[in-house]
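Enquirer: Below is a structure I'd like to ask you about.
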Amino acid sequence: MDENLNDSDNSIIKEDCSTDNMQSTLLILLTGLSGAGKSTIAVNLKHFLLNKNIKAYTLDGDHVRNGINKDLGFSPEDRSESNRRVGEISKLFIDEGIVVIASIIAPYKKDREVIKHIVAPNNYVEVFVNTSLETCEKRDDKGLYKKARAGEIENMTGISSPYEIPINSDIEINENLSVNESVELIFKVIESKFAKRSGCV
C-alpha cells in the first residue's frame, strides 16, 4: 500500500472530524408554549451554527403563519396541516444540505411524529422548551394569553386548547437555563449526531 496515500487519507479523516468542517443535515424542532422562548433560542442557535461554518436556516412559526400558512386557522385540523407543511419545507432544506431550526408550538404528539417521519427519524432532533404557563403569561408581549383568558381568542394552546408534553424529546430546555446555555446544550447533542454520521466516534 502507498504510504503517502495512507497518510493523506488519515489527514482527510482528521479534517472531516473537526467541528468547523462538519456539515450534516437535520431538522431541529423547538416545541413549547407560546412565549416559551423558542424563537430566541432558534435565532441564537442559527448564528452559533453559522459561526461553526454549518449552514442553517430558521423557520419561525409566526412567519410561516403569515406566509405559506396564512390560509389556515387554529383548529386541530388546521394546526396539523400547518405542522405538516413545516415538515415538508424542512425536508426541502435538508435535501440541500441545510440545518433547519423550526420554532413552532406543535402541540400534538401525532403531528410531531408526522414531521419526524417526513424528514426521516435520523434527521430529526426534538427540543422541548419546557417553560411553565405562568412564565409564558408573564412574557406575553402580544397579549394573547390575556385575550384568551377573556374569551377573545379561541383554541389558544395552554388555555382553551391542549399542549401534549413531549415524553421522549431528545433535549429538554428548562426555563432556568440561559439562552447561551440552551444553545450549547443543543449543539452538544447535534455535534454528537454529526460525529456519529461521519464515523468520528
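Simple scheme: letters A, B, ... for chains in C-alpha cells order, numbers from 1 for residues in each chain, numbers from 1 for ligands in the order shown.
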Identify, on the basis of only C-alpha atoms, every residue whose closest approach to Phe187 in chain A does not exceed 9 Å; exclude the query and any residue fewer than 5 positions from it along the same chain; express the result as a ChimeraX atom specification.
Expert: /A:45,48-49,182,192
Enquirer: Restrict the selected residues to C-alpha atoms and save them as a compact mmCIF listing (two decimals), in the first residue's frame.
Expert:
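Below you can see out07.txt, which holds the result:
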# COMPACT_ATOMS: atom_id res chain seq x y z
CA LEU A 45 -28.59 28.74 17.63
CA PHE A 48 -23.89 29.80 16.62
CA LEU A 49 -24.02 27.22 13.82
CA SER A 182 -29.62 26.32 25.89
CA SER A 192 -22.52 14.12 18.64
Enquirer: Considering only C-alpha atoms, return as a PyMOL selection string whatever protein or nucleic-acid residues lie within 12 Å of Thr40 in chain A, sequence-local ones (same chain, fewer than 2 positions apart) excluded.
Expert: chain A and resi 30+34-38+42-47+58+60+101-104+129+178-180+182-183
Enquirer: With only C-alpha atoms as the basis for distance, which of A:Lys138, A:Arg79, A:Lys193, A:Lys70 is at the shortest distance from Asn155 in chain A?
Expert: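 Of all the options, A:Arg79 lies closest to Asn155 in chain A.
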Enquirer: Using only C-alpha atoms for the distances, tell me which of A:Ile118, A:Ala106, A:Leu33, A:Ile186 is nearest to Tyr145 in chain A.
Expert: A:Leu33
Enquirer: Skipping near chain neighbours, those fewer than 6 positions away, what residues fall within 12 Å of Lys91 in chain A using only C-alpha atoms, listed as JSON, numbers by chain?
Expert: {"A": [25, 26, 27, 28, 84, 85, 97, 98, 99, 100, 101, 102, 115, 116, 117, 118, 119, 120, 121, 123, 124]}
Enquirer: Just C-alpha atoms for this one: save the residues we selected as a PDB file, in the first residue's frame.
Expert:
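File written: part_21.pdb
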ATOM      1  CA  THR A  25     -28.450  18.000   7.755  1.00  0.00           C
ATOM      2  CA  LEU A  26     -31.103  17.968  10.426  1.00  0.00           C
ATOM      3  CA  LEU A  27     -34.393  19.427  11.473  1.00  0.00           C
ATOM      4  CA  ILE A  28     -34.104  20.801  14.983  1.00  0.00           C
ATOM      5  CA  ARG A  84     -47.184  19.036   8.052  1.00  0.00           C
ATOM      6  CA  ARG A  85     -46.205  21.895   5.773  1.00  0.00           C
ATOM      7  CA  GLY A  97     -27.673  20.246   2.980  1.00  0.00           C
ATOM      8  CA  ILE A  98     -29.030  22.915   5.308  1.00  0.00           C
ATOM      9  CA  VAL A  99     -29.793  22.506   9.016  1.00  0.00           C
ATOM     10  CA  VAL A 100     -33.339  23.692   9.712  1.00  0.00           C
ATOM     11  CA  ILE A 101     -34.276  25.174  13.081  1.00  0.00           C
ATOM     12  CA  ALA A 102     -38.068  25.281  13.348  1.00  0.00           C
ATOM     13  CA  ILE A 115     -42.904  15.851  10.937  1.00  0.00           C
ATOM     14  CA  LYS A 116     -40.343  13.346  12.200  1.00  0.00           C
ATOM     15  CA  HIS A 117     -41.270  10.820   9.532  1.00  0.00           C
ATOM     16  CA  ILE A 118     -41.411  13.415   6.740  1.00  0.00           C
ATOM     17  CA  VAL A 119     -37.793  14.422   7.321  1.00  0.00           C
ATOM     18  CA  ALA A 120     -36.761  10.883   8.415  1.00  0.00           C
ATOM     19  CA  PRO A 121     -36.138   9.969  12.072  1.00  0.00           C
ATOM     20  CA  ASN A 123     -32.722  13.805  10.552  1.00  0.00           C
ATOM     21  CA  TYR A 124     -34.944  14.832  13.452  1.00  0.00           C
TER      22      TYR A 124
END
Enquirer: Residues of chain A in strand (DSSP E) according to DSSP, as an mmCIF file with all heavy atoms, in the first residue's frame?
Expert:
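New file part-v5.cif:
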data_model
loop_
_atom_site.group_PDB
_atom_site.id
_atom_site.type_symbol
_atom_site.label_atom_id
_atom_site.label_comp_id
_atom_site.auth_asym_id
_atom_site.auth_seq_id
_atom_site.Cartn_x
_atom_site.Cartn_y
_atom_site.Cartn_z
ATOM 1 N N LEU A 27 -33.358 18.504 11.013
ATOM 2 C CA LEU A 27 -34.393 19.427 11.473
ATOM 3 C C LEU A 27 -34.308 19.450 12.990
ATOM 4 O O LEU A 27 -34.432 18.406 13.633
ATOM 5 C CB LEU A 27 -35.790 18.973 11.050
ATOM 6 C CG LEU A 27 -36.947 19.690 11.778
ATOM 7 C CD1 LEU A 27 -36.928 21.186 11.504
ATOM 8 C CD2 LEU A 27 -38.285 19.071 11.401
ATOM 9 N N ILE A 28 -34.069 20.614 13.535
ATOM 10 C CA ILE A 28 -34.104 20.801 14.983
ATOM 11 C C ILE A 28 -35.440 21.470 15.285
ATOM 12 O O ILE A 28 -35.645 22.640 14.960
ATOM 13 C CB ILE A 28 -32.930 21.682 15.455
ATOM 14 C CG1 ILE A 28 -31.598 21.058 15.023
ATOM 15 C CG2 ILE A 28 -32.979 21.851 16.978
ATOM 16 C CD1 ILE A 28 -30.419 21.991 15.182
ATOM 17 N N LEU A 29 -36.361 20.710 15.850
ATOM 18 C CA LEU A 29 -37.703 21.215 16.125
ATOM 19 C C LEU A 29 -37.791 21.679 17.565
ATOM 20 O O LEU A 29 -37.670 20.883 18.500
ATOM 21 C CB LEU A 29 -38.742 20.118 15.876
ATOM 22 C CG LEU A 29 -40.190 20.522 16.174
ATOM 23 C CD1 LEU A 29 -40.692 21.511 15.126
ATOM 24 C CD2 LEU A 29 -41.103 19.307 16.233
ATOM 25 N N LEU A 30 -37.982 22.979 17.752
ATOM 26 C CA LEU A 30 -38.190 23.536 19.081
ATOM 27 C C LEU A 30 -39.684 23.664 19.314
ATOM 28 O O LEU A 30 -40.364 24.443 18.641
ATOM 29 C CB LEU A 30 -37.521 24.900 19.224
ATOM 30 C CG LEU A 30 -35.996 24.897 19.366
ATOM 31 C CD1 LEU A 30 -35.334 24.822 17.990
ATOM 32 C CD2 LEU A 30 -35.501 26.136 20.082
ATOM 33 N N THR A 31 -40.198 22.880 20.243
ATOM 34 C CA THR A 31 -41.624 22.877 20.548
ATOM 35 C C THR A 31 -41.854 23.341 21.983
ATOM 36 O O THR A 31 -41.041 23.087 22.874
ATOM 37 C CB THR A 31 -42.228 21.465 20.342
ATOM 38 O OG1 THR A 31 -43.594 21.458 20.782
ATOM 39 C CG2 THR A 31 -41.464 20.405 21.130
ATOM 40 N N ALA A 56 -27.344 26.988 8.149
ATOM 41 C CA ALA A 56 -28.564 26.815 8.935
ATOM 42 C C ALA A 56 -29.610 27.844 8.519
ATOM 43 O O ALA A 56 -29.276 28.936 8.050
ATOM 44 C CB ALA A 56 -28.253 26.961 10.423
ATOM 45 N N TYR A 57 -30.876 27.464 8.724
ATOM 46 C CA TYR A 57 -31.994 28.349 8.377
ATOM 47 C C TYR A 57 -33.070 28.194 9.442
ATOM 48 O O TYR A 57 -33.343 27.077 9.900
ATOM 49 C CB TYR A 57 -32.566 27.978 7.008
ATOM 50 C CG TYR A 57 -33.648 28.912 6.530
ATOM 51 C CD1 TYR A 57 -33.330 30.122 5.927
ATOM 52 C CD2 TYR A 57 -34.998 28.583 6.694
ATOM 53 C CE1 TYR A 57 -34.326 30.984 5.489
ATOM 54 C CE2 TYR A 57 -36.000 29.437 6.266
ATOM 55 C CZ TYR A 57 -35.659 30.636 5.661
ATOM 56 O OH TYR A 57 -36.640 31.490 5.249
ATOM 57 N N THR A 58 -33.677 29.312 9.840
ATOM 58 C CA THR A 58 -34.736 29.254 10.846
ATOM 59 C C THR A 58 -36.117 29.343 10.197
ATOM 60 O O THR A 58 -36.335 30.148 9.282
ATOM 61 C CB THR A 58 -34.603 30.395 11.877
ATOM 62 O OG1 THR A 58 -34.537 31.652 11.200
ATOM 63 C CG2 THR A 58 -33.356 30.215 12.734
ATOM 64 N N LEU A 59 -37.007 28.510 10.669
ATOM 65 C CA LEU A 59 -38.417 28.575 10.287
ATOM 66 C C LEU A 59 -39.195 28.959 11.538
ATOM 67 O O LEU A 59 -39.360 28.152 12.450
ATOM 68 C CB LEU A 59 -38.911 27.221 9.782
ATOM 69 C CG LEU A 59 -38.634 26.843 8.322
ATOM 70 C CD1 LEU A 59 -39.111 25.424 8.065
ATOM 71 C CD2 LEU A 59 -39.317 27.811 7.365
ATOM 72 N N ASP A 60 -39.630 30.199 11.604
ATOM 73 C CA ASP A 60 -40.354 30.693 12.768
ATOM 74 C C ASP A 60 -41.851 30.508 12.563
ATOM 75 O O ASP A 60 -42.386 30.823 11.492
ATOM 76 C CB ASP A 60 -40.031 32.166 13.001
ATOM 77 C CG ASP A 60 -40.699 32.706 14.251
ATOM 78 O OD1 ASP A 60 -40.153 32.512 15.347
ATOM 79 O OD2 ASP A 60 -41.781 33.312 14.124
ATOM 80 N N VAL A 99 -29.168 22.814 7.729
ATOM 81 C CA VAL A 99 -29.793 22.506 9.016
ATOM 82 C C VAL A 99 -30.973 23.449 9.210
ATOM 83 O O VAL A 99 -30.832 24.674 9.091
ATOM 84 C CB VAL A 99 -28.792 22.678 10.172
ATOM 85 C CG1 VAL A 99 -29.493 22.528 11.516
ATOM 86 C CG2 VAL A 99 -27.658 21.658 10.059
ATOM 87 N N VAL A 100 -32.129 22.894 9.492
ATOM 88 C CA VAL A 100 -33.339 23.692 9.712
ATOM 89 C C VAL A 100 -33.626 23.761 11.206
ATOM 90 O O VAL A 100 -33.591 22.740 11.894
ATOM 91 C CB VAL A 100 -34.556 23.085 8.983
ATOM 92 C CG1 VAL A 100 -35.792 23.954 9.195
ATOM 93 C CG2 VAL A 100 -34.259 22.913 7.504
ATOM 94 N N ILE A 101 -33.893 24.973 11.689
ATOM 95 C CA ILE A 101 -34.276 25.174 13.081
ATOM 96 C C ILE A 101 -35.699 25.719 13.072
ATOM 97 O O ILE A 101 -35.920 26.891 12.733
ATOM 98 C CB ILE A 101 -33.329 26.157 13.791
ATOM 99 C CG1 ILE A 101 -31.866 25.738 13.592
ATOM 100 C CG2 ILE A 101 -33.662 26.249 15.277
ATOM 101 C CD1 ILE A 101 -30.880 26.857 13.880
ATOM 102 N N ALA A 102 -36.659 24.882 13.390
ATOM 103 C CA ALA A 102 -38.068 25.281 13.348
ATOM 104 C C ALA A 102 -38.567 25.543 14.762
ATOM 105 O O ALA A 102 -38.485 24.676 15.625
ATOM 106 C CB ALA A 102 -38.916 24.200 12.689
ATOM 107 N N SER A 103 -39.054 26.754 14.992
ATOM 108 C CA SER A 103 -39.622 27.100 16.302
ATOM 109 C C SER A 103 -41.131 27.237 16.144
ATOM 110 O O SER A 103 -41.634 28.259 15.690
ATOM 111 C CB SER A 103 -39.001 28.401 16.837
ATOM 112 O OG SER A 103 -39.076 29.442 15.874
ATOM 113 N N TYR A 124 -34.018 14.113 12.577
ATOM 114 C CA TYR A 124 -34.944 14.832 13.452
ATOM 115 C C TYR A 124 -34.394 14.918 14.874
ATOM 116 O O TYR A 124 -34.010 13.910 15.470
ATOM 117 C CB TYR A 124 -36.285 14.093 13.459
ATOM 118 C CG TYR A 124 -37.379 14.701 14.302
ATOM 119 C CD1 TYR A 124 -38.154 15.752 13.827
ATOM 120 C CD2 TYR A 124 -37.671 14.183 15.567
ATOM 121 C CE1 TYR A 124 -39.188 16.283 14.592
ATOM 122 C CE2 TYR A 124 -38.694 14.710 16.336
ATOM 123 C CZ TYR A 124 -39.449 15.761 15.840
ATOM 124 O OH TYR A 124 -40.457 16.293 16.594
ATOM 125 N N VAL A 125 -34.349 16.136 15.390
ATOM 126 C CA VAL A 125 -33.976 16.366 16.788
ATOM 127 C C VAL A 125 -35.083 17.199 17.419
ATOM 128 O O VAL A 125 -35.342 18.329 16.992
ATOM 129 C CB VAL A 125 -32.625 17.100 16.920
ATOM 130 C CG1 VAL A 125 -32.339 17.419 18.382
ATOM 131 C CG2 VAL A 125 -31.497 16.262 16.338
ATOM 132 N N GLU A 126 -35.732 16.637 18.429
ATOM 133 C CA GLU A 126 -36.842 17.334 19.085
ATOM 134 C C GLU A 126 -36.364 17.993 20.373
ATOM 135 O O GLU A 126 -35.791 17.338 21.243
ATOM 136 C CB GLU A 126 -37.964 16.354 19.390
ATOM 137 C CG GLU A 126 -39.222 17.008 19.946
ATOM 138 C CD GLU A 126 -40.352 15.998 20.084
ATOM 139 O OE1 GLU A 126 -40.895 15.583 19.030
ATOM 140 O OE2 GLU A 126 -40.664 15.604 21.224
ATOM 141 N N VAL A 127 -36.603 19.290 20.465
ATOM 142 C CA VAL A 127 -36.204 20.068 21.643
ATOM 143 C C VAL A 127 -37.464 20.595 22.314
ATOM 144 O O VAL A 127 -38.193 21.408 21.736
ATOM 145 C CB VAL A 127 -35.285 21.245 21.258
ATOM 146 C CG1 VAL A 127 -34.864 22.013 22.513
ATOM 147 C CG2 VAL A 127 -34.067 20.761 20.479
ATOM 148 N N PHE A 128 -37.717 20.135 23.525
ATOM 149 C CA PHE A 128 -38.866 20.610 24.300
ATOM 150 C C PHE A 128 -38.423 21.799 25.137
ATOM 151 O O PHE A 128 -37.638 21.654 26.073
ATOM 152 C CB PHE A 128 -39.395 19.487 25.184
ATOM 153 C CG PHE A 128 -40.486 19.900 26.141
ATOM 154 C CD1 PHE A 128 -41.397 20.897 25.830
ATOM 155 C CD2 PHE A 128 -40.596 19.266 27.385
ATOM 156 C CE1 PHE A 128 -42.393 21.271 26.715
ATOM 157 C CE2 PHE A 128 -41.594 19.628 28.279
ATOM 158 C CZ PHE A 128 -42.491 20.631 27.946
ATOM 159 N N VAL A 129 -38.915 22.978 24.783
ATOM 160 C CA VAL A 129 -38.604 24.187 25.549
ATOM 161 C C VAL A 129 -39.628 24.252 26.676
ATOM 162 O O VAL A 129 -40.741 24.753 26.510
ATOM 163 C CB VAL A 129 -38.635 25.449 24.657
ATOM 164 C CG1 VAL A 129 -38.190 26.672 25.458
ATOM 165 C CG2 VAL A 129 -37.719 25.264 23.445
ATOM 166 N N ASN A 130 -39.233 23.722 27.809
ATOM 167 C CA ASN A 130 -40.149 23.492 28.930
ATOM 168 C C ASN A 130 -40.242 24.735 29.820
ATOM 169 O O ASN A 130 -39.588 24.835 30.854
ATOM 170 C CB ASN A 130 -39.683 22.283 29.735
ATOM 171 C CG ASN A 130 -40.690 21.876 30.798
ATOM 172 O OD1 ASN A 130 -41.765 22.459 30.904
ATOM 173 N ND2 ASN A 130 -40.343 20.877 31.586
ATOM 174 N N ILE A 171 -34.009 16.576 23.671
ATOM 175 C CA ILE A 171 -33.445 17.584 24.568
ATOM 176 C C ILE A 171 -34.594 18.296 25.274
ATOM 177 O O ILE A 171 -35.617 18.596 24.655
ATOM 178 C CB ILE A 171 -32.626 18.637 23.792
ATOM 179 C CG1 ILE A 171 -31.551 17.974 22.928
ATOM 180 C CG2 ILE A 171 -31.993 19.657 24.735
ATOM 181 C CD1 ILE A 171 -30.945 18.897 21.888
ATOM 182 N N GLU A 172 -34.424 18.568 26.552
ATOM 183 C CA GLU A 172 -35.392 19.380 27.291
ATOM 184 C C GLU A 172 -34.677 20.606 27.825
ATOM 185 O O GLU A 172 -33.667 20.503 28.521
ATOM 186 C CB GLU A 172 -36.019 18.597 28.438
ATOM 187 C CG GLU A 172 -37.073 19.391 29.198
ATOM 188 C CD GLU A 172 -37.834 18.547 30.218
ATOM 189 O OE1 GLU A 172 -37.988 17.328 29.982
ATOM 190 O OE2 GLU A 172 -38.264 19.109 31.241
ATOM 191 N N ILE A 173 -35.212 21.773 27.475
ATOM 192 C CA ILE A 173 -34.645 23.042 27.908
ATOM 193 C C ILE A 173 -35.465 23.560 29.083
ATOM 194 O O ILE A 173 -36.635 23.906 28.936
ATOM 195 C CB ILE A 173 -34.648 24.088 26.771
ATOM 196 C CG1 ILE A 173 -33.853 23.592 25.565
ATOM 197 C CG2 ILE A 173 -34.109 25.427 27.272
ATOM 198 C CD1 ILE A 173 -32.391 23.408 25.807
ATOM 199 N N ASN A 174 -34.864 23.603 30.242
ATOM 200 C CA ASN A 174 -35.526 24.136 31.429
ATOM 201 C C ASN A 174 -35.547 25.658 31.376
ATOM 202 O O ASN A 174 -34.599 26.277 30.892
ATOM 203 C CB ASN A 174 -34.791 23.646 32.681
ATOM 204 C CG ASN A 174 -35.502 24.021 33.958
ATOM 205 O OD1 ASN A 174 -35.444 25.170 34.397
ATOM 206 N ND2 ASN A 174 -36.166 23.051 34.567
#
Enquirer: Between A:Gly32, A:Pro166, A:Gly158, A:Gly73, single out the one closest to Ile105 in chain A, counting only C-alpha atoms.
Expert: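 When distances to Ile105 in chain A are compared using only C-alpha atoms, the smallest one comes from A:Gly32.
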Enquirer: So which residues of chain A fall under alpha helix (DSSP H) by DSSP, listed as a PyMOL selection string?
Expert: chain A and resi 3-16+38-51+61-66+76-95+109-119+133-138+144-149+179-198
Enquirer: Just write the chosen residues, C-alpha atoms, as a CSV table (one decimal), in the first residue's frame.
Expert:
chain,number,residue,atom,x,y,z
A,3,GLU,CA,2.3,5.1,2.4
A,4,ASN,CA,1.8,8.6,1.0
A,5,LEU,CA,-1.8,7.8,0.1
A,6,ASN,CA,-2.3,6.3,3.6
A,7,ASP,CA,-1.0,9.5,5.2
A,8,SER,CA,-3.3,11.6,3.0
A,9,ASP,CA,-6.3,9.6,3.9
A,10,ASN,CA,-5.6,10.0,7.6
A,11,SER,CA,-5.3,13.8,7.3
A,12,ILE,CA,-8.6,13.9,5.4
A,13,ILE,CA,-10.3,11.9,8.2
A,14,LYS,CA,-8.9,14.2,10.8
A,15,GLU,CA,-10.0,17.3,8.9
A,16,ASP,CA,-13.5,15.9,8.4
A,38,LYS,CA,-38.4,29.1,21.2
A,39,SER,CA,-37.7,31.8,18.7
A,40,THR,CA,-35.0,33.5,20.7
A,41,ILE,CA,-33.2,30.2,21.1
A,42,ALA,CA,-33.6,29.4,17.4
A,43,VAL,CA,-32.1,32.7,16.3
A,44,ASN,CA,-29.1,32.4,18.6
A,45,LEU,CA,-28.6,28.7,17.6
A,46,LYS,CA,-28.6,29.7,14.0
A,47,HIS,CA,-25.8,32.3,14.5
A,48,PHE,CA,-23.9,29.8,16.6
A,49,LEU,CA,-24.0,27.2,13.8
A,50,LEU,CA,-23.1,29.7,11.1
A,51,ASN,CA,-20.1,30.7,13.2
A,61,GLY,CA,-43.9,29.7,13.5
A,62,ASP,CA,-45.2,33.3,13.3
A,63,HIS,CA,-43.5,34.0,10.0
A,64,VAL,CA,-44.8,30.7,8.5
A,65,ARG,CA,-48.3,31.6,9.7
A,66,ASN,CA,-48.1,35.0,8.0
A,76,PRO,CA,-56.8,21.0,15.5
A,77,GLU,CA,-57.1,20.1,11.8
A,78,ASP,CA,-55.5,23.4,10.6
A,79,ARG,CA,-52.7,23.0,13.2
A,80,SER,CA,-52.0,19.6,11.9
A,81,GLU,CA,-51.8,20.8,8.3
A,82,SER,CA,-49.6,23.8,9.3
A,83,ASN,CA,-47.2,21.4,11.0
A,84,ARG,CA,-47.2,19.0,8.1
A,85,ARG,CA,-46.2,21.9,5.8
A,86,VAL,CA,-43.4,22.8,8.1
A,87,GLY,CA,-42.1,19.3,7.8
A,88,GLU,CA,-42.3,19.3,4.0
A,89,ILE,CA,-40.5,22.7,3.8
A,90,SER,CA,-37.9,21.4,6.2
A,91,LYS,CA,-37.3,18.4,4.0
A,92,LEU,CA,-36.6,20.6,1.1
A,93,PHE,CA,-33.9,22.5,3.0
A,94,ILE,CA,-32.4,19.2,4.4
A,95,ASP,CA,-32.2,17.9,0.8
A,109,LYS,CA,-47.7,14.4,19.6
A,110,LYS,CA,-49.1,12.9,16.4
A,111,ASP,CA,-48.2,16.0,14.4
A,112,ARG,CA,-44.6,16.0,15.8
A,113,GLU,CA,-44.4,12.3,14.7
A,114,VAL,CA,-45.7,13.2,11.2
A,115,ILE,CA,-42.9,15.9,10.9
A,116,LYS,CA,-40.3,13.3,12.2
A,117,HIS,CA,-41.3,10.8,9.5
A,118,ILE,CA,-41.4,13.4,6.7
A,119,VAL,CA,-37.8,14.4,7.3
A,133,LEU,CA,-47.6,28.5,31.5
A,134,GLU,CA,-47.2,31.0,34.3
A,135,THR,CA,-43.9,32.2,33.0
A,136,CYS,CA,-45.2,32.3,29.4
A,137,GLU,CA,-48.1,34.5,30.5
A,138,LYS,CA,-45.7,36.9,32.2
A,144,LEU,CA,-52.5,36.6,23.5
A,145,TYR,CA,-53.0,34.9,26.8
A,146,LYS,CA,-54.9,37.8,28.3
A,147,LYS,CA,-57.2,37.8,25.3
A,148,ALA,CA,-57.6,34.0,25.6
A,149,ARG,CA,-58.5,34.3,29.3
A,179,VAL,CA,-30.1,31.3,26.1
A,180,ASN,CA,-26.4,30.6,25.7
A,181,GLU,CA,-26.7,27.6,27.9
A,182,SER,CA,-29.6,26.3,25.9
A,183,VAL,CA,-27.8,26.8,22.6
A,184,GLU,CA,-24.7,25.0,23.9
A,185,LEU,CA,-26.8,22.1,25.2
A,186,ILE,CA,-28.5,21.7,21.8
A,187,PHE,CA,-25.2,21.9,20.0
A,188,LYS,CA,-23.6,19.2,22.1
A,189,VAL,CA,-26.4,16.8,21.0
A,190,ILE,CA,-26.3,17.7,17.3
A,191,GLU,CA,-22.4,17.7,17.3
A,192,SER,CA,-22.5,14.1,18.6
A,193,LYS,CA,-25.1,13.2,16.0
A,194,PHE,CA,-22.9,14.7,13.2
A,195,ALA,CA,-19.8,12.9,14.6
A,196,LYS,CA,-21.6,9.5,14.5
A,197,ARG,CA,-22.6,10.0,11.0
A,198,SER,CA,-19.1,10.8,9.8
